$ cat my_file.cif   # mmCIF, C-alpha atoms
data_target
#
loop_
_atom_site.group_PDB
_atom_site.id
_atom_site.type_symbol
_atom_site.label_atom_id
_atom_site.label_comp_id
_atom_site.auth_asym_id
_atom_site.auth_seq_id
_atom_site.Cartn_x
_atom_site.Cartn_y
_atom_site.Cartn_z
ATOM 1 C CA MET A 1 0.000 0.000 0.000
ATOM 2 C CA GLY A 2 1.178 3.483 -0.734
ATOM 3 C CA ALA A 3 0.079 6.962 0.234
ATOM 4 C CA SER A 4 1.377 10.485 0.561
ATOM 5 C CA ALA A 5 -0.458 13.691 1.535
ATOM 6 C CA GLY A 6 -3.673 12.785 3.344
ATOM 7 C CA GLY A 7 -2.337 9.269 3.689
ATOM 8 C CA VAL A 8 -2.343 8.835 7.468
ATOM 9 C CA ASP A 9 -6.129 9.005 7.651
ATOM 10 C CA ALA A 10 -6.533 6.934 4.479
ATOM 11 C CA LEU A 11 -4.168 4.222 5.688
ATOM 12 C CA SER A 12 -5.824 4.193 9.117
ATOM 13 C CA THR A 13 -9.190 3.586 7.457
ATOM 14 C CA VAL A 14 -7.878 0.757 5.285
ATOM 15 C CA ILE A 15 -5.785 -0.970 7.960
ATOM 16 C CA GLY A 16 -8.661 -0.594 10.409
ATOM 17 C CA ALA A 17 -10.930 -2.525 8.036
ATOM 18 C CA LEU A 18 -8.590 -5.500 7.612
ATOM 19 C CA PRO A 19 -9.472 -8.581 9.689
ATOM 20 C CA VAL A 20 -7.115 -10.123 12.218
ATOM 21 C CA ASP A 21 -6.995 -13.335 10.152
ATOM 22 C CA LEU A 22 -5.913 -11.588 6.935
ATOM 23 C CA PRO A 23 -3.941 -14.212 4.981
ATOM 24 C CA ALA A 24 -1.547 -11.701 3.443
ATOM 25 C CA VAL A 25 1.546 -9.661 4.190
ATOM 26 C CA VAL A 26 0.874 -5.908 4.258
ATOM 27 C CA MET A 27 3.714 -3.554 3.324
ATOM 28 C CA VAL A 28 3.130 0.189 3.643
ATOM 29 C CA VAL A 29 4.919 3.206 2.214
ATOM 30 C CA LEU A 30 3.957 6.708 3.331
ATOM 31 C CA HIS A 31 5.940 9.707 2.146
ATOM 32 C CA VAL A 32 7.392 11.351 5.270
ATOM 33 C CA ALA A 33 10.172 13.846 5.966
ATOM 34 C CA PRO A 34 13.539 12.061 5.635
ATOM 35 C CA ASP A 35 14.906 13.360 8.926
ATOM 36 C CA GLY A 36 11.720 13.078 10.985
ATOM 37 C CA TYR A 37 10.331 10.507 13.373
ATOM 38 C CA SER A 38 7.451 8.418 12.054
ATOM 39 C CA ALA A 39 4.699 7.425 14.483
ATOM 40 C CA LEU A 40 2.801 5.673 11.689
ATOM 41 C CA PRO A 41 3.166 2.156 13.152
ATOM 42 C CA GLN A 42 1.605 3.258 16.438
ATOM 43 C CA ILE A 43 -1.191 5.102 14.628
ATOM 44 C CA LEU A 44 -2.026 2.132 12.407
ATOM 45 C CA ALA A 45 -1.822 -0.320 15.310
ATOM 46 C CA ARG A 46 -4.438 1.746 17.172
ATOM 47 C CA ALA A 47 -6.623 1.880 14.042
ATOM 48 C CA GLY A 48 -6.993 -1.865 13.589
ATOM 49 C CA SER A 49 -6.379 -5.355 14.896
ATOM 50 C CA LEU A 50 -3.234 -6.308 12.953
ATOM 51 C CA PRO A 51 0.250 -6.025 14.480
ATOM 52 C CA VAL A 52 2.204 -3.128 12.941
ATOM 53 C CA HIS A 53 5.865 -2.132 13.149
ATOM 54 C CA HIS A 54 8.595 -0.396 11.215
ATOM 55 C CA ALA A 55 10.150 -2.928 8.872
ATOM 56 C CA ILE A 56 13.549 -4.301 9.879
ATOM 57 C CA ASP A 57 16.131 -5.089 7.229
ATOM 58 C CA GLY A 58 16.384 -8.840 6.669
ATOM 59 C CA GLU A 59 13.313 -9.879 8.659
ATOM 60 C CA ARG A 60 11.107 -12.577 7.134
ATOM 61 C CA VAL A 61 7.601 -11.329 6.332
ATOM 62 C CA GLU A 62 4.587 -13.084 7.836
ATOM 63 C CA PRO A 63 0.891 -13.006 6.870
ATOM 64 C CA GLY A 64 -1.299 -10.811 9.032
ATOM 65 C CA VAL A 65 1.504 -8.369 9.888
ATOM 66 C CA VAL A 66 1.836 -4.766 8.658
ATOM 67 C CA TYR A 67 5.381 -3.639 7.772
ATOM 68 C CA VAL A 68 5.849 0.137 7.532
ATOM 69 C CA ALA A 69 8.720 1.749 5.645
ATOM 70 C CA PRO A 70 10.956 3.762 7.991
ATOM 71 C CA PRO A 71 11.777 7.324 6.898
ATOM 72 C CA ASP A 72 14.341 7.857 4.128
ATOM 73 C CA VAL A 73 14.756 4.234 2.987
ATOM 74 C CA HIS A 74 13.041 2.213 0.300
ATOM 75 C CA LEU A 75 11.017 -0.777 1.510
ATOM 76 C CA LEU A 76 11.490 -3.756 -0.788
ATOM 77 C CA LEU A 77 10.665 -7.471 -0.808
ATOM 78 C CA ASP A 78 13.265 -10.093 -1.693
ATOM 79 C CA ASP A 79 12.869 -13.849 -1.247
ATOM 80 C CA GLY A 80 10.256 -13.441 1.472
ATOM 81 C CA CYS A 81 12.330 -10.942 3.446
ATOM 82 C CA VAL A 82 12.368 -7.190 3.988
ATOM 83 C CA VAL A 83 15.084 -5.182 2.295
ATOM 84 C CA LEU A 84 15.641 -1.593 3.410
ATOM 85 C CA ASP A 85 17.532 0.236 0.693
ATOM 86 C CA ALA A 86 19.001 3.710 1.111
ATOM 87 C CA GLY A 87 19.670 3.926 -2.616
ATOM 88 C CA PRO A 88 18.983 7.051 -4.674
ATOM 89 C CA GLU A 89 15.626 8.762 -4.739
ATOM 90 C CA ARG A 90 15.746 8.799 -8.553
ATOM 91 C CA ASP A 91 12.525 10.324 -9.843
ATOM 92 C CA THR A 92 10.429 9.328 -6.832
ATOM 93 C CA PRO A 93 10.587 10.019 -3.100
ATOM 94 C CA ARG A 94 12.380 7.788 -0.637
ATOM 95 C CA PRO A 95 10.621 5.592 0.407
ATOM 96 C CA SER A 96 9.136 4.944 -3.013
ATOM 97 C CA ILE A 97 5.784 3.293 -3.637
ATOM 98 C CA ASP A 98 6.897 2.414 -7.167
ATOM 99 C CA ARG A 99 9.964 0.552 -5.910
ATOM 100 C CA LEU A 100 7.968 -1.393 -3.295
ATOM 101 C CA PHE A 101 5.353 -2.412 -5.854
ATOM 102 C CA ALA A 102 7.955 -3.387 -8.474
ATOM 103 C CA SER A 103 9.868 -5.563 -6.000
ATOM 104 C CA ALA A 104 6.672 -7.254 -4.786
ATOM 105 C CA ALA A 105 5.544 -7.887 -8.376
ATOM 106 C CA GLU A 106 8.890 -9.454 -9.282
ATOM 107 C CA GLN A 107 8.835 -11.661 -6.179
ATOM 108 C CA ARG A 108 5.169 -12.653 -5.883
ATOM 109 C CA GLY A 109 3.724 -12.104 -9.372
ATOM 110 C CA SER A 110 -0.018 -12.581 -9.623
ATOM 111 C CA ALA A 111 -0.403 -12.868 -5.824
ATOM 112 C CA VAL A 112 0.221 -9.125 -5.373
ATOM 113 C CA VAL A 113 -2.525 -6.602 -4.663
ATOM 114 C CA GLY A 114 -1.165 -3.051 -4.881
ATOM 115 C CA VAL A 115 -3.102 -0.195 -3.277
ATOM 116 C CA VAL A 116 -2.681 3.530 -4.051
ATOM 117 C CA LEU A 117 -4.326 6.031 -1.713
ATOM 118 C CA SER A 118 -4.429 9.810 -1.260
ATOM 119 C CA GLY A 119 -1.365 11.783 -2.306
ATOM 120 C CA MET A 120 0.218 14.289 -4.649
ATOM 121 C CA LEU A 121 2.074 13.695 -7.922
ATOM 122 C CA ASP A 122 2.289 10.152 -9.343
ATOM 123 C CA ASP A 123 4.297 7.765 -7.152
ATOM 124 C CA GLY A 124 2.630 4.350 -7.368
ATOM 125 C CA THR A 125 1.571 4.664 -10.997
ATOM 126 C CA ALA A 126 4.583 2.866 -12.499
ATOM 127 C CA GLY A 127 4.463 0.355 -9.653
ATOM 128 C CA LEU A 128 0.837 -0.545 -10.372
ATOM 129 C CA GLN A 129 1.759 -1.023 -14.021
ATOM 130 C CA ALA A 130 4.519 -3.437 -12.944
ATOM 131 C CA ILE A 131 2.023 -5.340 -10.781
ATOM 132 C CA ALA A 132 -0.394 -5.557 -13.726
ATOM 133 C CA ARG A 133 2.371 -6.864 -16.043
ATOM 134 C CA HIS A 134 3.013 -9.675 -13.550
ATOM 135 C CA GLY A 135 -0.684 -10.580 -13.341
ATOM 136 C CA GLY A 136 -1.417 -8.854 -10.028
ATOM 137 C CA ILE A 137 -4.266 -6.524 -9.088
ATOM 138 C CA GLY A 138 -4.273 -2.756 -8.624
ATOM 139 C CA VAL A 139 -6.688 -1.083 -6.205
ATOM 140 C CA VAL A 140 -6.936 2.704 -6.252
ATOM 141 C CA GLN A 141 -8.833 5.053 -3.988
ATOM 142 C CA ASP A 142 -11.412 6.978 -6.022
ATOM 143 C CA PRO A 143 -9.751 10.357 -6.641
ATOM 144 C CA ASP A 144 -13.077 12.098 -5.933
ATOM 145 C CA ASP A 145 -12.935 10.545 -2.458
ATOM 146 C CA ALA A 146 -9.272 11.416 -1.713
ATOM 147 C CA ALA A 147 -8.038 14.375 0.335
ATOM 148 C CA PHE A 148 -5.300 14.809 -2.293
ATOM 149 C CA PRO A 149 -6.479 13.295 -5.591
ATOM 150 C CA SER A 150 -3.517 13.619 -7.955
ATOM 151 C CA MET A 151 -1.700 10.409 -6.971
ATOM 152 C CA PRO A 152 -4.764 8.135 -7.165
ATOM 153 C CA ALA A 153 -5.920 9.946 -10.316
ATOM 154 C CA SER A 154 -2.602 9.205 -12.015
ATOM 155 C CA ALA A 155 -2.773 5.561 -10.915
ATOM 156 C CA ALA A 156 -6.386 5.239 -12.069
ATOM 157 C CA ARG A 157 -5.485 6.532 -15.550
ATOM 158 C CA SER A 158 -2.406 4.340 -15.891
ATOM 159 C CA GLY A 159 -3.948 1.079 -17.001
ATOM 160 C CA GLY A 160 -2.605 -0.640 -13.879
ATOM 161 C CA ALA A 161 -5.746 -0.079 -11.813
ATOM 162 C CA THR A 162 -8.094 -3.047 -11.722
ATOM 163 C CA HIS A 163 -10.451 -1.418 -9.194
ATOM 164 C CA VAL A 164 -11.151 2.250 -8.373
ATOM 165 C CA VAL A 165 -13.261 2.449 -5.213
ATOM 166 C CA PRO A 166 -14.150 4.850 -2.387
ATOM 167 C CA LEU A 167 -11.834 4.721 0.620
ATOM 168 C CA ALA A 168 -14.362 2.876 2.806
ATOM 169 C CA ALA A 169 -14.445 0.024 0.264
ATOM 170 C CA VAL A 170 -10.674 -0.452 -0.058
ATOM 171 C CA GLY A 171 -10.055 -2.602 3.046
ATOM 172 C CA PRO A 172 -12.987 -4.986 2.499
ATOM 173 C CA LEU A 173 -12.078 -5.283 -1.196
ATOM 174 C CA VAL A 174 -8.445 -6.118 -0.399
ATOM 175 C CA ASP A 175 -9.590 -8.797 2.041
ATOM 176 C CA ARG A 176 -11.877 -10.355 -0.610
ATOM 177 C CA LEU A 177 -9.197 -10.225 -3.304
ATOM 178 C CA VAL A 178 -6.614 -11.895 -1.089
ATOM 179 C CA ARG A 179 -9.015 -14.670 -0.136
ATOM 180 C CA ARG A 180 -10.069 -15.097 -3.785
ATOM 181 C CA ARG A 181 -6.419 -15.648 -4.697
ATOM 182 C CA LEU A 182 -6.197 -18.413 -2.075
ATOM 183 C CA ASP A 183 -9.557 -20.049 -2.825
ATOM 184 C CA PRO A 184 -11.471 -18.759 -5.882
ATOM 185 C CA ALA A 185 -14.623 -20.636 -4.815
ATOM 186 C CA ALA A 186 -14.683 -18.881 -1.416
ATOM 187 C CA ALA A 187 -14.780 -15.325 -2.760
ATOM 188 C CA THR A 188 -17.948 -13.296 -2.677
ATOM 189 C CA PRO A 189 -18.427 -11.254 -5.858
ATOM 190 C CA THR A 190 -18.234 -7.514 -5.387
ATOM 191 C CA SER A 191 -21.655 -5.909 -5.477
ATOM 192 C CA VAL A 192 -22.634 -3.801 -8.465
ATOM 193 C CA GLY A 193 -21.878 -0.136 -8.013
ATOM 194 C CA GLU A 194 -19.232 -0.695 -5.371
ATOM 195 C CA GLU A 195 -16.312 -0.457 -7.741
ATOM 196 C CA ARG A 196 -15.282 1.039 -11.022
ATOM 197 C CA THR A 197 -12.940 -0.982 -13.201
#
$ encode --input "my_file.cif" --output "structure tokens"
Amino acid sequence: MGASAGGVDALSTVIGALPVDLPAVVMVVLHVAPDGYSALPQILARAGSLPVHHAIDGERVEPGVVYVAPPDVHLLLDDGCVVLDAGPERDTPRPSIDRLFASAAEQRGSAVVGVVLSGMLDDGTAGLQAIARHGGIGVVQDPDDAAFPSMPASAARSGGATHVVPLAAVGPLVDRLVRRRLDPAAATPTSVGEERT
């Protein structure tokens, strides 16, 4: 999941809607000041029932846990483990949503569900395209529903967005998509009017 401006509230809403038995790893990038302290793990832990902490380089990821990118490092996935990379910002902020999504897509292919929430500019757009190329799913907050619409609007236009939904629908949709990936017969179809594809 990725967010920028307006992202703390958006992420709190989504994480708060995820069930304690979520059968998926959740990795979160929020653009924050590089030299600041991030209280995001504590905020997200209070918002929902899943355990949340700043990701630690080299730790093995586990389903039902939320891993938050620390300030000023990229959060990546490699062989089931966290990689924290202080490499260049390139054309995106550090941490970069695009880099997280690209690494997850390369590692987990069609099992990946990428989520882009409120924010400015276009980080996450190229990452959702990478997820789509690997057969994964892109979920984007409806720009009309976002505090800062430019980032989700860019992602929605990119061709990498499978679903564009209001913020309140993102968490339940992610839960259904993850379970559908595990057991296609167990998934409940999304109701008409709940999502735009």
$ closest_residue --input "my_file.cif" --among "A:Arg94, A:Arg133, A:Arg99, A:His163" --to "Asp72 of chain A" --atoms "only C-alpha atoms"
A:Arg94
$ residues_around --input "my_file.cif" --residues "Val14 of chain A" --least-positions-apart "4" --cutoff "10 Å" --atoms "only C-alpha atoms" --output "list of chain:residue names"
A:Met1, A:Asp9, A:Ala10, A:Leu18, A:Leu44, A:Ala47, A:Gly48, A:Val115, A:Leu117, A:Leu167, A:Ala168, A:Ala169, A:Val170, A:Gly171, A:Pro172, A:Leu173, A:Val174
$ write_last_selection --input "my_file.cif" --atoms "C-alpha atoms" --output "PDB file, in the coordinates of the input"
ATOM      1  CA  MET A   1       0.000   0.000   0.000  1.00  0.00           C
ATOM      2  CA  ASP A   9      -6.129   9.005   7.651  1.00  0.00           C
ATOM      3  CA  ALA A  10      -6.533   6.934   4.479  1.00  0.00           C
ATOM      4  CA  LEU A  18      -8.590  -5.500   7.612  1.00  0.00           C
ATOM      5  CA  LEU A  44      -2.026   2.132  12.407  1.00  0.00           C
ATOM      6  CA  ALA A  47      -6.623   1.880  14.042  1.00  0.00           C
ATOM      7  CA  GLY A  48      -6.993  -1.865  13.589  1.00  0.00           C
ATOM      8  CA  VAL A 115      -3.102  -0.195  -3.277  1.00  0.00           C
ATOM      9  CA  LEU A 117      -4.326   6.031  -1.713  1.00  0.00           C
ATOM     10  CA  LEU A 167     -11.834   4.721   0.620  1.00  0.00           C
ATOM     11  CA  ALA A 168     -14.362   2.876   2.806  1.00  0.00           C
ATOM     12  CA  ALA A 169     -14.445   0.024   0.264  1.00  0.00           C
ATOM     13  CA  VAL A 170     -10.674  -0.452  -0.058  1.00  0.00           C
ATOM     14  CA  GLY A 171     -10.055  -2.602   3.046  1.00  0.00           C
ATOM     15  CA  PRO A 172     -12.987  -4.986   2.499  1.00  0.00           C
ATOM     16  CA  LEU A 173     -12.078  -5.283  -1.196  1.00  0.00           C
ATOM     17  CA  VAL A 174      -8.445  -6.118  -0.399  1.00  0.00           C
TER      18      VAL A 174
END
$ atom_distance --input "my_file.cif" --atom1 "atom CA of Gly16 of chain A" --atom2 "atom CA of Gln42 of chain A"
12.5 Å
$ closest_residue --input "my_file.cif" --among "A:Ser150, A:Pro34, A:Glu106, A:Ala130" --to "Ala86 of chain A" --atoms "only C-alpha atoms"
A:Pro34
$ closest_atom_pairs --input "my_file.cif" --of "segment 17-85 of chain A" --to "segment 120-125 of chain A" --cutoff "12 Å" --atoms "all atoms listed in the file" --output "tab-separated table"
residue	atom	partner	partner_atom	distance
A:Val28	CA	A:Gly124	CA	11.8
A:Val29	CA	A:Gly124	CA	9.9
A:Leu30	CA	A:Asp123	CA	10.5
A:His31	CA	A:Asp123	CA	9.6
$ residues_near_point --input "my_file.cif" --point "(-2.7, -12.6, 0.1)" --cutoff "6 Å" --atoms "all atoms listed in the file" --output "ChimeraX atom specification"
/A:23-24,178
$ write_last_selection --input "my_file.cif" --atoms "C-alpha atoms" --output "PDB file, keeping the file's coordinate frame"
ATOM      1  CA  PRO A  23      -3.941 -14.212   4.981  1.00  0.00           C
ATOM      2  CA  ALA A  24      -1.547 -11.701   3.443  1.00  0.00           C
ATOM      3  CA  VAL A 178      -6.614 -11.895  -1.089  1.00  0.00           C
TER       4      VAL A 178
END
$ residues_near_point --input "my_file.cif" --point "(17.0, 3.4, 1.4)" --cutoff "12 Å" --atoms "all atoms listed in the file" --output "short mmCIF file (atom, residue, chain, number, x, y, z; two decimals) with C-alpha atoms, in the frame of the given file"
data_model
loop_
_atom_site.label_atom_id
_atom_site.label_comp_id
_atom_site.auth_asym_id
_atom_site.auth_seq_id
_atom_site.Cartn_x
_atom_site.Cartn_y
_atom_site.Cartn_z
CA PRO A 34 13.54 12.06 5.64
CA ALA A 55 10.15 -2.93 8.87
CA ILE A 56 13.55 -4.30 9.88
CA ASP A 57 16.13 -5.09 7.23
CA ALA A 69 8.72 1.75 5.64
CA PRO A 70 10.96 3.76 7.99
CA PRO A 71 11.78 7.32 6.90
CA ASP A 72 14.34 7.86 4.13
CA VAL A 73 14.76 4.23 2.99
CA HIS A 74 13.04 2.21 0.30
CA LEU A 75 11.02 -0.78 1.51
CA LEU A 76 11.49 -3.76 -0.79
CA VAL A 82 12.37 -7.19 3.99
CA VAL A 83 15.08 -5.18 2.30
CA LEU A 84 15.64 -1.59 3.41
CA ASP A 85 17.53 0.24 0.69
CA ALA A 86 19.00 3.71 1.11
CA GLY A 87 19.67 3.93 -2.62
CA PRO A 88 18.98 7.05 -4.67
CA GLU A 89 15.63 8.76 -4.74
CA ARG A 90 15.75 8.80 -8.55
CA PRO A 93 10.59 10.02 -3.10
CA ARG A 94 12.38 7.79 -0.64
CA PRO A 95 10.62 5.59 0.41
CA SER A 96 9.14 4.94 -3.01
CA ARG A 99 9.96 0.55 -5.91
CA LEU A 100 7.97 -1.39 -3.30
#
$ closest_residue --input "my_file.cif" --among "A:Leu11, A:Ala126, A:Ala5, A:Ala17" --to "Asp175 of chain A" --atoms "all atoms listed in the file"
A:Ala17
$ atom_distance --input "my_file.cif" --atom1 "atom CA of Gln129 of chain A" --atom2 "atom CA of Gly159 of chain A"
6.8 Å
$ atom_distance --input "my_file.cif" --atom1 "atom CA of Val140 of chain A" --atom2 "atom CA of Glu62 of chain A"
24.1 Å
$ resolve_selection --input "my_file.cif" --expression "the PyMOL selection byres ((chain A and resi 147) around 6)" --output "PyMOL selection string"
chain A and resi 6+146+148
$ closest_residue --input "my_file.cif" --among "A:Leu40, A:Ile137, A:Ala105, A:Leu128" --to "Val8 of chain A" --atoms "only C-alpha atoms"
A:Leu40
$ residues_around --input "my_file.cif" --residues "Pro63 of chain A" --least-positions-apart "6" --cutoff "12 Å" --atoms "all atoms listed in the file" --output "VMD selection string"
chain A and resid 19 to 27 50 to 52 80 178
$ closest_residue --input "my_file.cif" --among "A:Tyr67, A:Ala104, A:Ser49, A:Asp142" --to "Gly127 of chain A" --atoms "all atoms listed in the file"
A:Ala104
